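Since the structure comes first, as structure tokens, the remarks are kept for the end.
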Amino acid sequence: MSTSAGTGSPASLIAEARAGSPDALSALYLEHGVALFRLAYRLVGTREDAEDVVHDVFVGLRKLCCATRSAGSFARG
């Protein structure tokens with residue numbers, strides 16, 4: 001169930017990441033990391049802080065995917 005970087009839709013990559021695919025998380029990073037960095041840089045103003053933001057987002061996404069794998073959904077409640 002692994003995905004090559006750049007071949008899946010964001011929704012399918014998220015579904016694969018929730019299923020435990022590290023390739024899906026890598027693909028999400030490759031597809032969206034630069035845009036996220038640019039946004040973070042505009043918001044925080046320094047390269048180092050923007051890199052930290054991107055890192056924290058993807059670490060958090062990995063944790064969220066692992067947590068929701070056992071919970072079964074991204075929905076809260």
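Please note that chains go A, B, ... in the order of the structure tokens, that every chain numbers its residues from 1, and that ligands are numbered from 1 in the order shown.
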
>> So that I can check the surroundings of A:Arg42, please list as a list of chain:residue names every protein, DNA and RNA residue that reaches within 12 Å of it, counting only C-alpha atoms and ignoring chain neighbours fewer than 6 positions away.
In response: A:Ala35, A:Leu36, A:Asp49, A:Ala50, A:Glu51, A:Val53

> Quick one, how far is atom CA of A:Gly60 from atom CA of A:Leu28?
Replying inline: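 Going from atom CA of A:Gly60 over to atom CA of A:Leu28, I get 13.1 Å.
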
>> Calculated over only C-alpha atoms, which of the candidates A:Arg47, A:Val57, A:Cys65, A:Ala11 has the smallest distance to A:Tyr29?
In response: A:Val57

Quick one: everything within 8 Å of A:Ala19, counting only C-alpha atoms, minus sequence neighbours fewer than 2 positions away in the same chain. Send it as a PDB file with N, CA and C atoms, in the first residue's frame.
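That gives us selection_37.pdb:
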ATOM      1  N   ALA A  15      -4.976   9.181   3.915  1.00  0.00           N
ATOM      2  CA  ALA A  15      -5.522   7.869   4.270  1.00  0.00           C
ATOM      3  C   ALA A  15      -4.405   6.838   4.414  1.00  0.00           C
ATOM      4  N   GLU A  16      -3.442   6.867   3.512  1.00  0.00           N
ATOM      5  CA  GLU A  16      -2.322   5.930   3.600  1.00  0.00           C
ATOM      6  C   GLU A  16      -1.447   6.222   4.813  1.00  0.00           C
ATOM      7  N   ALA A  17      -1.255   7.508   5.115  1.00  0.00           N
ATOM      8  CA  ALA A  17      -0.473   7.871   6.299  1.00  0.00           C
ATOM      9  C   ALA A  17      -1.172   7.375   7.557  1.00  0.00           C
ATOM     10  N   SER A  21       1.680   4.300   6.522  1.00  0.00           N
ATOM     11  CA  SER A  21       2.663   4.353   5.444  1.00  0.00           C
ATOM     12  C   SER A  21       3.621   5.532   5.594  1.00  0.00           C
ATOM     13  N   CYS A  65      -1.573  10.975  12.797  1.00  0.00           N
ATOM     14  CA  CYS A  65      -1.883   9.787  11.999  1.00  0.00           C
ATOM     15  C   CYS A  65      -1.786   8.522  12.837  1.00  0.00           C
ATOM     16  N   ARG A  69      -5.063   6.259  13.847  1.00  0.00           N
ATOM     17  CA  ARG A  69      -5.093   4.885  13.363  1.00  0.00           C
ATOM     18  C   ARG A  69      -5.796   4.002  14.385  1.00  0.00           C
TER      19      ARG A  69
END

> In terms of the shortest atom-to-atom distance over only C-alpha atoms, which of A:Leu39, A:Val54, A:Gly8, A:Leu61 is closest to A:Ala24?
Replying inline: A:Gly8

> For the atom pair atom CA of A:Arg62 and atom CA of A:Arg18, what is the interatomic distance in Å to one decimal place?
Replying inline: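 Taking atom CA of A:Arg62 and atom CA of A:Arg18, their separation equals 8.4 Å.
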
> Using only C-alpha atoms, which of the listed residues (A:Cys66, A:Ala40, A:Ser26, A:His32) sits closest to A:Asp52?
Replying inline: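 Looking only at the distances to A:Asp52, the closest residue turns out to be A:Ala40.
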
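Here atom CA of A:Phe58 stands at a distance of 8.0 Å from atom CA of A:Leu25.
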